[in-house]
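Chemist: What follows is data-v4.pdb, made up of PDB, C-alpha atoms:
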ATOM      1  CA  MET A   1      91.395 182.756  70.681
ATOM      2  CA  ASN A   2      90.987 182.321  74.387
ATOM      3  CA  GLU A   3      92.786 179.114  75.441
ATOM      4  CA  LYS A   4      90.398 178.578  78.343
ATOM      5  CA  GLN A   5      87.418 178.627  75.970
ATOM      6  CA  ILE A   6      89.209 176.328  73.529
ATOM      7  CA  GLU A   7      89.941 173.861  76.305
ATOM      8  CA  LYS A   8      86.344 173.954  77.546
ATOM      9  CA  TYR A   9      84.709 173.375  74.170
ATOM     10  CA  LYS A  10      87.169 171.031  72.471
ATOM     11  CA  TYR A  11      85.831 168.052  74.437
ATOM     12  CA  ILE A  12      82.242 168.989  73.648
ATOM     13  CA  ILE A  13      83.001 169.244  69.928
ATOM     14  CA  GLN A  14      84.961 165.981  69.953
ATOM     15  CA  ASN A  15      82.030 164.267  71.657
ATOM     16  CA  ILE A  16      79.617 165.597  69.014
ATOM     17  CA  ILE A  17      81.862 164.313  66.234
ATOM     18  CA  ASP A  18      82.392 160.909  67.867
ATOM     19  CA  SER A  19      78.725 160.412  68.757
ATOM     20  CA  ASN A  20      77.647 160.736  65.126
ATOM     21  CA  VAL A  21      80.172 158.463  63.382
ATOM     22  CA  LYS A  22      77.478 155.904  62.563
ATOM     23  CA  PHE A  23      75.803 158.443  60.260
ATOM     24  CA  TYR A  24      78.877 159.546  58.295
ATOM     25  CA  GLY A  25      79.236 156.758  55.736
ATOM     26  CA  PHE A  26      82.965 156.408  56.472
ATOM     27  CA  GLU A  27      84.978 155.108  59.390
ATOM     28  CA  ASN A  28      88.042 157.355  59.302
ATOM     29  CA  LYS A  29      88.606 159.696  62.209
ATOM     30  CA  VAL A  30      87.516 163.258  61.556
ATOM     31  CA  GLU A  31      90.428 165.607  62.131
ATOM     32  CA  TRP A  32      89.344 169.049  63.263
ATOM     33  CA  GLU A  33      90.398 172.264  64.924
ATOM     34  CA  PHE A  34      88.964 175.613  65.885
ATOM     35  CA  PHE A  35      89.426 178.764  63.869
ATOM     36  CA  ASP A  36      88.602 182.326  64.851
ATOM     37  CA  ASN A  37      86.268 184.369  62.660
ATOM     38  CA  SER A  38      84.132 187.227  63.947
ATOM     39  CA  ASP A  39      81.403 186.271  61.436
ATOM     40  CA  ARG A  40      79.455 183.764  63.542
ATOM     41  CA  ALA A  41      77.394 182.761  60.489
ATOM     42  CA  ILE A  42      80.486 180.932  59.256
ATOM     43  CA  VAL A  43      80.187 178.012  61.639
ATOM     44  CA  GLY A  44      82.491 175.599  59.883
ATOM     45  CA  LYS A  45      84.366 174.717  56.752
ATOM     46  CA  VAL A  46      86.322 171.823  55.324
ATOM     47  CA  GLY A  47      89.933 172.271  54.303
ATOM     48  CA  SER A  48      91.530 170.761  51.218
ATOM     49  CA  ASN A  49      93.073 168.105  53.485
ATOM     50  CA  LEU A  50      89.548 167.065  54.601
ATOM     51  CA  LYS A  51      90.100 168.645  57.992
ATOM     52  CA  LEU A  52      87.064 170.178  59.655
ATOM     53  CA  PHE A  53      87.446 173.729  60.940
ATOM     54  CA  ILE A  54      84.944 175.049  63.491
ATOM     55  CA  ASN A  55      84.512 178.724  64.318
ATOM     56  CA  ILE A  56      84.996 179.138  68.072
ATOM     57  CA  ASN A  57      82.885 182.330  67.975
ATOM     58  CA  SER A  58      79.925 180.407  66.544
ATOM     59  CA  VAL A  59      80.259 177.813  69.294
ATOM     60  CA  LEU A  60      80.429 180.450  72.018
ATOM     61  CA  TYR A  61      77.400 182.255  70.606
ATOM     62  CA  ALA A  62      75.309 179.090  70.283
ATOM     63  CA  TYR A  63      75.909 178.290  73.931
ATOM     64  CA  GLU A  64      75.369 181.907  74.957
ATOM     65  CA  ILE A  65      71.890 181.956  73.391
ATOM     66  CA  ASN A  66      71.127 178.421  74.627
ATOM     67  CA  GLU A  67      70.999 176.833  71.163
ATOM     68  CA  PRO A  68      73.875 174.361  71.441
ATOM     69  CA  LEU A  69      72.406 171.886  68.947
ATOM     70  CA  GLN A  70      72.992 174.451  66.193
ATOM     71  CA  ILE A  71      76.657 173.473  66.404
ATOM     72  CA  GLU A  72      75.924 169.773  65.959
ATOM     73  CA  TYR A  73      73.668 170.577  63.003
ATOM     74  CA  PHE A  74      76.419 172.509  61.236
ATOM     75  CA  ILE A  75      79.112 169.967  62.126
ATOM     76  CA  LEU A  76      76.960 167.299  60.457
ATOM     77  CA  HIS A  77      76.549 169.564  57.426
ATOM     78  CA  GLU A  78      80.311 169.992  57.072
ATOM     79  CA  ILE A  79      81.011 166.312  57.681
ATOM     80  CA  ARG A  80      78.704 165.513  54.780
ATOM     81  CA  HIS A  81      81.019 167.671  52.670
ATOM     82  CA  ILE A  82      83.922 165.540  53.936
ATOM     83  CA  TYR A  83      82.013 162.445  52.787
ATOM     84  CA  GLN A  84      81.486 164.033  49.366
ATOM     85  CA  LYS A  85      85.162 164.952  49.021
ATOM     86  CA  ARG A  86      86.189 161.441  50.100
ATOM     87  CA  LEU A  87      83.984 160.009  47.343
ATOM     88  CA  ILE A  88      85.716 162.285  44.822
ATOM     89  CA  LEU A  89      89.132 161.088  46.033
ATOM     90  CA  LEU A  90      88.038 157.469  45.745
ATOM     91  CA  TYR A  91      86.765 158.126  42.224
ATOM     92  CA  LYS A  92      90.022 159.804  41.192
ATOM     93  CA  THR A  93      92.188 157.150  42.869
ATOM     94  CA  ASP A  94      90.393 154.017  41.645
ATOM     95  CA  ILE A  95      87.086 154.383  39.853
ATOM     96  CA  THR A  96      86.396 150.644  40.258
ATOM     97  CA  LEU A  97      86.208 151.130  44.044
ATOM     98  CA  CYS A  98      83.877 154.122  43.820
ATOM     99  CA  PRO A  99      80.269 153.105  44.577
ATOM    100  CA  SER A 100      78.860 156.032  42.600
ATOM    101  CA  PRO A 101      81.180 157.451  39.930
ATOM    102  CA  GLU A 102      78.461 159.700  38.450
ATOM    103  CA  LEU A 103      77.759 161.275  41.816
ATOM    104  CA  ALA A 104      81.480 161.710  42.496
ATOM    105  CA  GLN A 105      81.823 163.522  39.159
ATOM    106  CA  LYS A 106      78.896 165.785  40.032
ATOM    107  CA  TYR A 107      80.385 166.574  43.451
ATOM    108  CA  ASP A 108      83.754 167.304  41.858
ATOM    109  CA  TYR A 109      82.233 169.651  39.308
ATOM    110  CA  GLU A 110      80.237 171.522  41.956
ATOM    111  CA  PHE A 111      83.177 171.940  44.330
ATOM    112  CA  ASN A 112      85.252 173.254  41.425
ATOM    113  CA  HIS A 113      82.442 175.575  40.238
ATOM    114  CA  TYR A 114      81.034 176.441  43.639
ATOM    115  CA  ILE A 115      78.101 178.861  43.709
ATOM    116  CA  LYS A 116      78.043 181.051  46.798
ATOM    117  CA  PRO A 117      74.841 181.905  48.713
ATOM    118  CA  GLU A 118      74.434 185.263  46.991
ATOM    119  CA  ASN A 119      72.311 183.376  44.452
ATOM    120  CA  LEU A 120      70.058 181.374  46.781
ATOM    121  CA  GLU A 121      68.321 179.192  44.216
ATOM    122  CA  GLU A 122      71.526 178.057  42.547
ATOM    123  CA  TYR A 123      73.353 177.746  45.882
ATOM    124  CA  TYR A 124      70.756 175.533  47.554
ATOM    125  CA  PHE A 125      70.233 173.348  44.526
ATOM    126  CA  GLN A 126      73.847 172.389  44.127
ATOM    127  CA  GLN A 127      73.872 168.668  44.909
ATOM    128  CA  ILE A 128      76.607 169.183  47.505
ATOM    129  CA  GLU A 129      74.656 171.794  49.475
ATOM    130  CA  PHE A 130      71.193 170.308  49.036
ATOM    131  CA  GLU A 131      72.492 166.982  50.273
ATOM    132  CA  ALA A 132      74.435 168.479  53.199
ATOM    133  CA  PHE A 133      71.388 170.409  54.391
ATOM    134  CA  THR A 134      68.988 167.471  54.072
ATOM    135  CA  PHE A 135      71.460 165.049  55.654
ATOM    136  CA  SER A 136      72.254 167.218  58.679
ATOM    137  CA  TYR A 137      68.618 168.117  59.249
ATOM    138  CA  ALA A 138      67.528 164.469  58.964
ATOM    139  CA  VAL A 139      70.165 163.297  61.465
ATOM    140  CA  MET A 140      69.062 165.942  63.952
ATOM    141  CA  LEU A 141      65.409 165.035  63.451
ATOM    142  CA  TYR A 142      66.195 161.328  63.821
ATOM    143  CA  LYS A 143      68.184 161.811  67.019
ATOM    144  CA  TYR A 144      66.171 164.510  68.781
ATOM    145  CA  GLY A 145      62.830 164.938  67.064
ATOM    146  CA  GLN A 146      61.702 168.429  66.114
ATOM    147  CA  ILE A 147      63.938 171.129  67.624
ATOM    148  CA  GLU A 148      62.320 174.539  67.708
ATOM    149  CA  TYR A 149      65.447 176.457  66.753
ATOM    150  CA  ILE A 150      66.822 174.037  64.130
ATOM    151  CA  LYS A 151      65.220 175.111  60.889
ATOM    152  CA  LEU A 152      65.892 174.377  57.286
ATOM    153  CA  PRO A 153      66.561 177.406  55.146
ATOM    154  CA  GLU A 154      63.166 178.778  54.065
ATOM    155  CA  TYR A 155      64.124 178.467  50.439
ATOM    156  CA  LEU A 156      64.604 174.709  50.784
ATOM    157  CA  GLU A 157      61.418 174.247  52.794
ATOM    158  CA  SER A 158      59.385 175.872  50.045
ATOM    159  CA  ALA A 159      61.093 173.662  47.450
ATOM    160  CA  GLY A 160      59.555 170.424  48.730
ATOM    161  CA  ILE A 161      62.575 169.048  50.528
ATOM    162  CA  GLN A 162      60.602 166.858  52.933
ATOM    163  CA  LYS A 163      60.648 163.764  50.686
ATOM    164  CA  TYR A 164      64.461 163.862  50.720
ATOM    165  CA  ILE A 165      64.523 164.181  54.492
ATOM    166  CA  ASP A 166      62.108 161.257  54.729
ATOM    167  CA  SER A 167      64.433 159.251  52.491
ATOM    168  CA  TRP A 168      67.331 159.868  54.871
ATOM    169  CA  LEU A 169      65.151 158.958  57.861
ATOM    170  CA  ASN A 170      64.222 155.674  56.174
ATOM    171  CA  ILE A 171      67.888 154.880  55.551
ATOM    172  CA  PHE A 172      68.703 155.506  59.222
ATOM    173  CA  LYS A 173      65.805 153.302  60.344
ATOM    174  CA  GLU A 174      66.719 150.488  57.928
ATOM    175  CA  GLN A 175      70.319 150.564  59.198
ATOM    176  CA  TYR A 176      69.136 150.646  62.838
ATOM    177  CA  LEU A 177      71.219 153.732  63.568
TER     178      LEU A 177
END
Would you give me this structure, written as structure tokens?
Modeler:
Amino acid sequence: MNEKQIEKYKYIIQNIIDSNVKFYGFENKVEWEFFDNSDRAIVGKVGSNLKLFININSVLYAYEINEPLQIEYFILHEIRHIYQKRLILLYKTDITLCPSPELAQKYDYEFNHYIKPENLEEYYFQQIEFEAFTFSYAVMLYKYGQIEYIKLPEYLESAGIQKYIDSWLNIFKEQYL
């Protein structure tokens, strides 16, 4: 990884993360770092320690093609996975403190039996992925309105996802975010 590029974009990424805290559903600081993968489609991932990893090549490409908000969209997606994993930890640590034990169990099962995107229908309809896509898209829509290059996966669009996006938008409005 080029240290000059890392230095340039680390402040941008940190600003994206910090500017969206009100949407996360948790207050803890998001720890993150860059990783280097030539597959730019792998924008980010969450480690077992709940650390966010962001592909520097995806960031560089998004800025190169003048679609920088793609990075924010995928950061939000991955941070929703952090939220889900935090709920699982809360459930496993003290079920009485978990606001939704059934959902935590579902998340836990899906992370442990993860279906990769080779099977699109099953992949997109995992609660963890469906929720991460709808959440990240709704935040972007709420903050910026319609962005020409931010699109939901076609499979989800055809599955009637709009009511779930509208539900997120209503939550954001009710909480004055």
Chemist: Within 12 Å of range 131-137 of chain A, counting all atoms listed in the file, which residues qualify if same-chain residues fewer than 5 places away don't, as a ChimeraX atom specification?
Modeler: /A:20,23-25,69-84,103,107,123-126,142-147,149-157,160-172
Chemist: Rank nothing, just name the residue among A:Val139, A:Val30, A:Leu90, A:Ile115 nearest to Asn15 in chain A, using only C-alpha atoms.
Modeler: A:Val30
Chemist: Just give me the gap between CA of Asp39 in chain A and CA of Tyr61 in chain A in Å, one decimal is fine.
Modeler: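 Taking CA of Asp39 in chain A and CA of Tyr61 in chain A, their separation equals 10.8 Å.
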Chemist: Any chance you could resolve the PyMOL selection byres ((chain A and resi 105) around 12) against this file and give the residues as a list in words?
Modeler: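 Taken over the shown coordinates, the PyMOL selection byres ((chain A and resi 105) around 12) returns Gln84, Lys85, Arg86, Leu87, Ile88, Leu89, Leu90, Tyr91, Lys92, Ile95, Cys98, Pro99, Ser100, Pro101, Glu102, Leu103, Ala104, Lys106, Tyr107, Asp108, Tyr109, Glu110, Phe111, Asn112, Gln127 and Ile128 of chain A.
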Chemist: Can you work out the spacing between CA of Trp32 in chain A and CA of Ile54 in chain A in Å, to one decimal?
Modeler: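 Atom-to-atom, CA of Trp32 in chain A to CA of Ile54 in chain A, that is 7.4 Å.
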Chemist: Mind checking which residues fall within 10 Å of Lys22 in chain A, counting all atoms listed in the file, ignoring those fewer than 3 positions away in the same chain, and posting them as an NGL selection string?
Modeler: :A and (18-19 or 25-27 or 172 or 175-177)
Chemist: Find the residues near range 1-14 of chain A: any atom within 8 Å, counting all atoms listed in the file, skip ones fewer than 5 places away on the same chain, and give them as a list in words.
Modeler: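 Neighbouring residues, sequence-local ones excluded: Phe34, Asp36, Ile56 and Val59 of chain A.
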Chemist: Run the PyMOL selection byres ((chain A and resi 50) around 8) against the file shown and list the residues it catches, as an NGL selection string.
Modeler: :A and (31 or 46-49 or 51-52 or 82 or 85-86)
Chemist: Could you please determine the separation between CA of Thr96 in chain A and CA of Val21 in chain A in Å, to one decimal place?
Modeler: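 CA of Val21 in chain A lies 25.2 Å from CA of Thr96 in chain A.
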Chemist: Could you tell me which residues the PyMOL selection byres ((chain A and resi 40) around 6) returns for this structure, as a list in words?
Modeler: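 For this structure, the PyMOL selection byres ((chain A and resi 40) around 6) resolves to Ser38, Asp39, Ala41, Ile42, Asn57 and Ser58 of chain A.
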Chemist: Return as AutoDock Vina command-line options the centre and edge lengths, in Å with one decimal, of the box along x, y and z that encloses every atom of range 85-93 of chain A in the file, padded by 5 Å per side.
Modeler:
--center_x 88.1 --center_y 161.1 --center_z 45.6 --size_x 18.2 --size_y 17.8 --size_z 18.9
Chemist: Taking into account all atoms listed in the file, which residue in the set A:Glu122, A:Glu67, A:Ile17, A:Asn55 is nearest to Val43 in chain A?
Modeler: A:Asn55
